[in-house]
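Beneath this line is the structure, given in structure tokens, with notes to follow.
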Amino acid sequence: MNLRFKRLSRRGTSLMVLALASTTISGVARSQTARGDQSWTATSETSTANANPSRTTESHTKSGNRTLDKKTVEVLGPDGEYQPYVEIETETIEGPTATRSTTRTYNPNANGEEQLTQVTESETENSADGSARTVETTSQSDLDGNLEVVAREITATTKGPASQDSHTTIYLPDINGGLAPSMQVNEQEEQSAGGETYRKRRTTLLQDGNGNWQVYEAREQTAKGNAHNRISEEHISRRDFEGNVSPVSQEITQQTSGDGRATSSSETHSIDVPGWTRDGSFRLLQRSTSVRTVEPGKTVTEQRIEQPDPGDPQAGLGTTVEKTDTVVIGSTGTTQTIMVTARYPDGSPSVVTVETRTSSKR
């Protein structure tokens, strides 16, 4: 799918909208099962107004404990023929106690020849007590085509009956050409046995000028309820220029479902709202509602996003984006239509984009 971002402005109102264009996708998928081995191939073509068409081919092959995933993107060249743009290949090998994967990215060089530009190697070792250690190393090619390490992540994870803790350290190149720790991310997750309550805390730490770790951002997510009625909250705090970690935003979401209909509504409050001077007060930044209706052979999702008018923020929410996503499943395939509309404070609607997508199976 080809995505474009379009900025719309009218009477002091500015809004970033995801612009989706007319897209036709045709796919052919083949699968076979023999002794647990599986494989499939899918091809899609994207045609967008005022943009270069592209073609994507994806394949998945599994044989024993080895899996190979490959994705190739081609764009239309000056001669009217498709030419390579990027190719990503991931090989995964699963063992009794360890999983290893290697992802290779290829791009055409100045002569149009395929060149290896990035390699990411990941290895996870699992212990009998549920703990795990993952080391992920990323290398990129230099001007001479030689690979050099540019990043490494080491994650240690421990699991309990209803909890999971992880500690990640990210290493980046230092002034001496080696790798040095530059960021730490700590996560703690807790969930009740029946799933009625959930809590997740994520803390990001950076080093100060003396090499001491300091909290830069703290996120806390909580949820309670059941599959038909659930309330979740997210609170974010960040370090300011004075070195204090204080709340900057909060979001509350209510979800309900039943009889083929699912509804989600949320409000986001922040101390940073366009048109307002930051004074530490929380103000309504966005209100979002989504309704998903499922019928035999058809699914319709309607989403509405309201935001303040930066030209007159004290007037409340004025700018609205509406998105309707309709999926119809037939005997020969699936047709999806997405329409995005922007409505301005004066009430006049403006159709931003319409995307149509068809997928056939054989």
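How things are named: the first chain in the structure tokens is A, the next is B, and so on; residues count from 1 in each chain; ligands count from 1 in the order shown.
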
Problem - For Glu113 of chain A: contacts at 12 Å, only C-alpha atoms, fewer than 5 positions along chain excluded, given as number ranges by chain - result: A: 83-86, 106-108

Keeping C-alpha atoms for every residue in the selection just given, could you write it to a file as a short mmCIF file (atom, residue, chain, number, x, y, z; two decimals), in the first residue's frame?
data_model
loop_
_atom_site.label_atom_id
_atom_site.label_comp_id
_atom_site.auth_asym_id
_atom_site.auth_seq_id
_atom_site.Cartn_x
_atom_site.Cartn_y
_atom_site.Cartn_z
CA GLN A 83 13.04 -2.48 -11.41
CA PRO A 84 14.21 -3.49 -7.90
CA TYR A 85 13.79 -0.93 -5.11
CA VAL A 86 14.37 -2.96 -1.93
CA TYR A 106 19.39 -5.26 -0.33
CA ASN A 107 19.16 -2.05 -2.38
CA PRO A 108 20.29 -1.31 -5.93
#

Practice task
Find the residues near Glu123 of chain A: any atom within 12 Å, counting only C-alpha atoms, skip ones fewer than 3 places away on the same chain, and give them as a list in words.
Solution key: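 Near neighbours after the sequence-gap exclusion: Glu91, Thr92, Ile93, Glu94, Gly95, Thr97, Ala98, Thr99, Arg100, Ser101, Thr102, Thr103, Thr120, Asn126, Ala132, Arg133, Thr134, Val135, Glu136, Thr137, Arg152, Glu153, Ile154, Thr155 and Ala156 of chain A.
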
Give me a file of those residues, with N, CA and C atoms, as a short mmCIF file (atom, residue, chain, number, x, y, z; two decimals), in the first residue's frame.
data_model
loop_
_atom_site.label_atom_id
_atom_site.label_comp_id
_atom_site.auth_asym_id
_atom_site.auth_seq_id
_atom_site.Cartn_x
_atom_site.Cartn_y
_atom_site.Cartn_z
N GLU A 91 15.81 -15.06 7.66
CA GLU A 91 15.94 -16.49 7.90
C GLU A 91 15.92 -16.75 9.40
N THR A 92 15.03 -17.64 9.85
CA THR A 92 14.89 -17.95 11.26
C THR A 92 15.07 -19.44 11.49
N ILE A 93 15.90 -19.77 12.48
CA ILE A 93 16.14 -21.17 12.84
C ILE A 93 15.80 -21.33 14.32
N GLU A 94 14.87 -22.23 14.61
CA GLU A 94 14.43 -22.46 15.97
C GLU A 94 15.03 -23.75 16.51
N GLY A 95 15.68 -23.66 17.66
CA GLY A 95 16.25 -24.83 18.32
C GLY A 95 15.52 -25.13 19.61
N THR A 97 16.39 -24.67 22.69
CA THR A 97 16.51 -23.63 23.71
C THR A 97 16.91 -22.27 23.14
N ALA A 98 17.09 -22.18 21.83
CA ALA A 98 17.54 -20.91 21.24
C ALA A 98 16.89 -20.70 19.88
N THR A 99 16.67 -19.43 19.56
CA THR A 99 16.14 -19.04 18.26
C THR A 99 17.08 -18.01 17.65
N ARG A 100 17.48 -18.25 16.41
CA ARG A 100 18.38 -17.34 15.72
C ARG A 100 17.73 -16.86 14.43
N SER A 101 17.86 -15.56 14.17
CA SER A 101 17.32 -15.01 12.93
C SER A 101 18.29 -14.00 12.34
N THR A 102 18.32 -13.95 11.02
CA THR A 102 19.17 -13.01 10.30
C THR A 102 18.33 -12.32 9.24
N THR A 103 18.32 -10.99 9.27
CA THR A 103 17.58 -10.20 8.29
C THR A 103 18.57 -9.44 7.43
N THR A 120 20.78 -7.55 10.18
CA THR A 120 20.40 -7.58 11.59
C THR A 120 20.38 -9.03 12.05
N ASN A 126 16.60 -19.28 25.67
CA ASN A 126 15.54 -19.48 26.66
C ASN A 126 15.99 -20.46 27.75
N ALA A 132 14.77 -15.35 29.56
CA ALA A 132 15.34 -15.35 28.21
C ALA A 132 16.32 -14.19 28.08
N ARG A 133 17.26 -14.36 27.17
CA ARG A 133 18.23 -13.30 26.87
C ARG A 133 18.35 -13.17 25.36
N THR A 134 18.14 -11.95 24.86
CA THR A 134 18.18 -11.69 23.42
C THR A 134 19.26 -10.67 23.11
N VAL A 135 20.08 -10.99 22.12
CA VAL A 135 21.11 -10.07 21.64
C VAL A 135 20.83 -9.80 20.16
N GLU A 136 20.62 -8.54 19.83
CA GLU A 136 20.33 -8.15 18.44
C GLU A 136 21.38 -7.15 17.98
N THR A 137 22.05 -7.46 16.88
CA THR A 137 23.13 -6.62 16.36
C THR A 137 22.81 -6.19 14.94
N ARG A 152 23.49 -2.26 18.84
CA ARG A 152 23.29 -3.56 19.49
C ARG A 152 22.31 -3.39 20.65
N GLU A 153 21.39 -4.33 20.76
CA GLU A 153 20.42 -4.33 21.86
C GLU A 153 20.53 -5.65 22.61
N ILE A 154 20.59 -5.56 23.93
CA ILE A 154 20.63 -6.75 24.78
C ILE A 154 19.45 -6.67 25.74
N THR A 155 18.59 -7.69 25.69
CA THR A 155 17.39 -7.71 26.51
C THR A 155 17.37 -8.96 27.38
N ALA A 156 17.16 -8.76 28.67
CA ALA A 156 17.01 -9.87 29.62
C ALA A 156 15.57 -9.86 30.11
#

Handout entry: Of the listed residues A:Gly177, A:Gly130, A:Gly330, A:Pro96, that which approaches Ala151 of chain A most closely, counting only C-alpha atoms
Key = A:Gly177

Practice task
Pick out the residues sitting within 12 Å of Gly297 of chain A, and hand them over as a ChimeraX atom specification; count only C-alpha atoms, and ignore anything fewer than 6 positions along from it in its own chain.
Solution key: /A:326-336

With C-alpha atoms retained, could you export that selection as a PDB file, in the first residue's frame?
ATOM      1  CA  THR A 326     -15.748  -1.153   4.467  1.00  0.00           C
ATOM      2  CA  VAL A 327     -14.649  -4.736   3.777  1.00  0.00           C
ATOM      3  CA  VAL A 328     -16.869  -7.025   1.691  1.00  0.00           C
ATOM      4  CA  ILE A 329     -15.952 -10.709   1.447  1.00  0.00           C
ATOM      5  CA  GLY A 330     -17.247 -12.592  -1.590  1.00  0.00           C
ATOM      6  CA  SER A 331     -16.784 -16.014  -3.086  1.00  0.00           C
ATOM      7  CA  THR A 332     -13.917 -14.832  -5.294  1.00  0.00           C
ATOM      8  CA  GLY A 333     -12.109 -12.505  -2.926  1.00  0.00           C
ATOM      9  CA  THR A 334     -12.272  -9.351  -0.803  1.00  0.00           C
ATOM     10  CA  THR A 335     -13.041  -5.739  -1.689  1.00  0.00           C
ATOM     11  CA  GLN A 336     -12.053  -2.958   0.699  1.00  0.00           C
TER      12      GLN A 336
END

Exercise for the section: Pick out the residues sitting within 8 Å of segment 252-266 of chain A, and hand them over as a count of residues only; count only C-alpha atoms, and ignore anything fewer than 6 positions along from it in its own chain. Expected result: 17

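A straight line drawn from atom CA of Val150 of chain A to atom CA of Leu179 of chain A is 7.9 Å long.
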
Exercise for the section: Show which residues sit within 7 Å of segment 57-69 of chain A, as a list in words. Count only C-alpha atoms, and ignore same-chain residues fewer than 5 positions away. Expected result: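 Skipping anything fewer than 5 positions along the chain leaves Gly36, Asp37, Gln38, Ser39, Trp40, Thr41, Ala42, Thr43, Ser44, Glu89, Thr90, Glu91, Thr92, Ile93 and Glu94 of chain A.
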
Exercise for the section: Give the answer as one residue: which of A:Gly275, A:Thr222, A:Thr197, A:Gly80 has the shortest atom-to-atom distance to Asp312 of chain A, using only C-alpha atoms? Expected result: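 Checking each candidate against Asp312 of chain A, we get A:Gly275 as the closest.
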
Practice task
Enumerate, as a ChimeraX atom specification, the complete set of residues in segment 252-338 of chain A that a backbone-based DSSP assignment places in strand (DSSP E).
Solution key: /A:252-258,261-270,283-295,298-308,317-329,333-338

Practice task
Using atom CA of Pro53 of chain A and atom CA of Ala342 of chain A as the two end points, give the distance in Å to one decimal.
Solution key: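 Computing it gives 26.1 Å between the two atoms.
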
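One distance worth recording is that between atom CA of Ser182 of chain A and atom CA of Arg202 of chain A, which is 16.8 Å.
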
With a cut-off of 8 Å, could you pull out the residues of segment 185-283 of chain A touching segment 161-167 of chain A and give me the nearest pair of atoms for each, distance in Å to one decimal, using only C-alpha atoms, ordered by chain and ascending number, as a Markdown table?
| residue | atom | partner | partner_atom | distance |
| --- | --- | --- | --- | --- |
| A:Val185 | CA | A:His167 | CA | 6.0 |
| A:Asn186 | CA | A:His167 | CA | 4.6 |
| A:Glu187 | CA | A:Ser166 | CA | 5.2 |
| A:Gln188 | CA | A:Asp165 | CA | 4.5 |
| A:Glu189 | CA | A:Gln164 | CA | 5.1 |
| A:Glu190 | CA | A:Ser163 | CA | 4.4 |
| A:Gln191 | CA | A:Ala162 | CA | 5.4 |
| A:Ser192 | CA | A:Ala162 | CA | 6.4 |
| A:Ala193 | CA | A:Ala162 | CA | 6.7 |

Restricted to C-alpha atoms, what would the selected residues look like written as a JSON list (two decimals), in the first residue's frame?
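File again_32.json, as written:
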[["chain", "number", "residue", "atom", "x", "y", "z"],
["A", 185, "VAL", "CA", 14.34, 0.55, 28.66],
["A", 186, "ASN", "CA", 12.75, -1.28, 31.60],
["A", 187, "GLU", "CA", 9.30, -2.86, 31.35],
["A", 188, "GLN", "CA", 7.12, -4.58, 33.95],
["A", 189, "GLU", "CA", 3.84, -6.27, 33.04],
["A", 190, "GLU", "CA", 1.26, -7.73, 35.43],
["A", 191, "GLN", "CA", -2.03, -9.42, 34.62],
["A", 192, "SER", "CA", -4.61, -11.11, 36.80],
["A", 193, "ALA", "CA", -5.33, -14.79, 36.26]]

Practice task
Fewer than 2 positions away in the same chain doesn't count, so skip those; otherwise give me all residues within 12 Å of Gln314 of chain A, counting only C-alpha atoms, as a PyMOL selection string.
Solution key: chain A and resi 273-277+283-285+307-312+316-318

Generate a file of the selected residues that holds N, CA and C atoms, formatted as a PDB file, in the first residue's frame.
ATOM      1  N   VAL A 273      -0.750  21.650  23.634  1.00  0.00           N
ATOM      2  CA  VAL A 273      -1.867  21.729  22.710  1.00  0.00           C
ATOM      3  C   VAL A 273      -1.625  22.901  21.775  1.00  0.00           C
ATOM      4  N   PRO A 274      -1.703  22.691  20.441  1.00  0.00           N
ATOM      5  CA  PRO A 274      -1.469  23.792  19.494  1.00  0.00           C
ATOM      6  C   PRO A 274      -2.340  25.008  19.815  1.00  0.00           C
ATOM      7  N   GLY A 275      -1.711  26.177  19.828  1.00  0.00           N
ATOM      8  CA  GLY A 275      -2.427  27.419  20.095  1.00  0.00           C
ATOM      9  C   GLY A 275      -2.408  27.843  21.543  1.00  0.00           C
ATOM     10  N   TRP A 276      -1.931  26.955  22.437  1.00  0.00           N
ATOM     11  CA  TRP A 276      -1.855  27.269  23.860  1.00  0.00           C
ATOM     12  C   TRP A 276      -0.393  27.354  24.297  1.00  0.00           C
ATOM     13  N   THR A 277      -0.120  28.236  25.221  1.00  0.00           N
ATOM     14  CA  THR A 277       1.209  28.312  25.823  1.00  0.00           C
ATOM     15  C   THR A 277       1.288  27.301  26.958  1.00  0.00           C
ATOM     16  N   ARG A 283      -5.027  19.988  28.875  1.00  0.00           N
ATOM     17  CA  ARG A 283      -6.117  20.423  28.016  1.00  0.00           C
ATOM     18  C   ARG A 283      -6.441  19.308  27.022  1.00  0.00           C
ATOM     19  N   LEU A 284      -7.675  19.298  26.558  1.00  0.00           N
ATOM     20  CA  LEU A 284      -8.117  18.262  25.645  1.00  0.00           C
ATOM     21  C   LEU A 284      -7.405  18.409  24.308  1.00  0.00           C
ATOM     22  N   LEU A 285      -6.646  17.390  23.931  1.00  0.00           N
ATOM     23  CA  LEU A 285      -5.893  17.408  22.686  1.00  0.00           C
ATOM     24  C   LEU A 285      -6.633  16.694  21.558  1.00  0.00           C
ATOM     25  N   GLN A 307     -10.176  17.401  16.893  1.00  0.00           N
ATOM     26  CA  GLN A 307      -9.024  18.110  17.428  1.00  0.00           C
ATOM     27  C   GLN A 307      -9.337  19.594  17.521  1.00  0.00           C
ATOM     28  N   PRO A 308      -8.623  20.329  18.380  1.00  0.00           N
ATOM     29  CA  PRO A 308      -8.862  21.776  18.482  1.00  0.00           C
ATOM     30  C   PRO A 308      -8.418  22.501  17.211  1.00  0.00           C
ATOM     31  N   ASP A 309      -9.007  23.655  16.992  1.00  0.00           N
ATOM     32  CA  ASP A 309      -8.592  24.538  15.909  1.00  0.00           C
ATOM     33  C   ASP A 309      -7.433  25.385  16.426  1.00  0.00           C
ATOM     34  N   PRO A 310      -6.207  25.192  15.886  1.00  0.00           N
ATOM     35  CA  PRO A 310      -5.067  25.972  16.390  1.00  0.00           C
ATOM     36  C   PRO A 310      -5.282  27.475  16.272  1.00  0.00           C
ATOM     37  N   GLY A 311      -6.116  27.897  15.309  1.00  0.00           N
ATOM     38  CA  GLY A 311      -6.381  29.322  15.155  1.00  0.00           C
ATOM     39  C   GLY A 311      -7.281  29.882  16.235  1.00  0.00           C
ATOM     40  N   ASP A 312      -8.073  29.004  16.877  1.00  0.00           N
ATOM     41  CA  ASP A 312      -8.972  29.423  17.951  1.00  0.00           C
ATOM     42  C   ASP A 312      -9.123  28.268  18.932  1.00  0.00           C
ATOM     43  N   GLY A 316     -12.745  25.185  21.586  1.00  0.00           N
ATOM     44  CA  GLY A 316     -12.955  23.752  21.768  1.00  0.00           C
ATOM     45  C   GLY A 316     -12.610  22.969  20.518  1.00  0.00           C
ATOM     46  N   LEU A 317     -13.100  21.719  20.461  1.00  0.00           N
ATOM     47  CA  LEU A 317     -12.806  20.852  19.333  1.00  0.00           C
ATOM     48  C   LEU A 317     -13.578  21.326  18.103  1.00  0.00           C
ATOM     49  N   GLY A 318     -12.839  21.515  17.000  1.00  0.00           N
ATOM     50  CA  GLY A 318     -13.504  22.022  15.807  1.00  0.00           C
ATOM     51  C   GLY A 318     -13.174  21.280  14.536  1.00  0.00           C
TER      52      GLY A 318
END

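Proximity ranking of A:Ile271, A:Glu125, A:Val149, A:Ile236 relative to Asp174 of chain A places A:Val149 first, based on only C-alpha atoms.
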
Handout entry: Nearest to Thr157 of chain A by atom-to-atom distance, counting only C-alpha atoms, from A:Gln140, A:Gly243, A:Gln221, A:Ser131
Key =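 Of A:Gln140, A:Gly243, A:Gln221, A:Ser131, the one nearest Thr157 of chain A, counting only C-alpha atoms, is A:Ser131.
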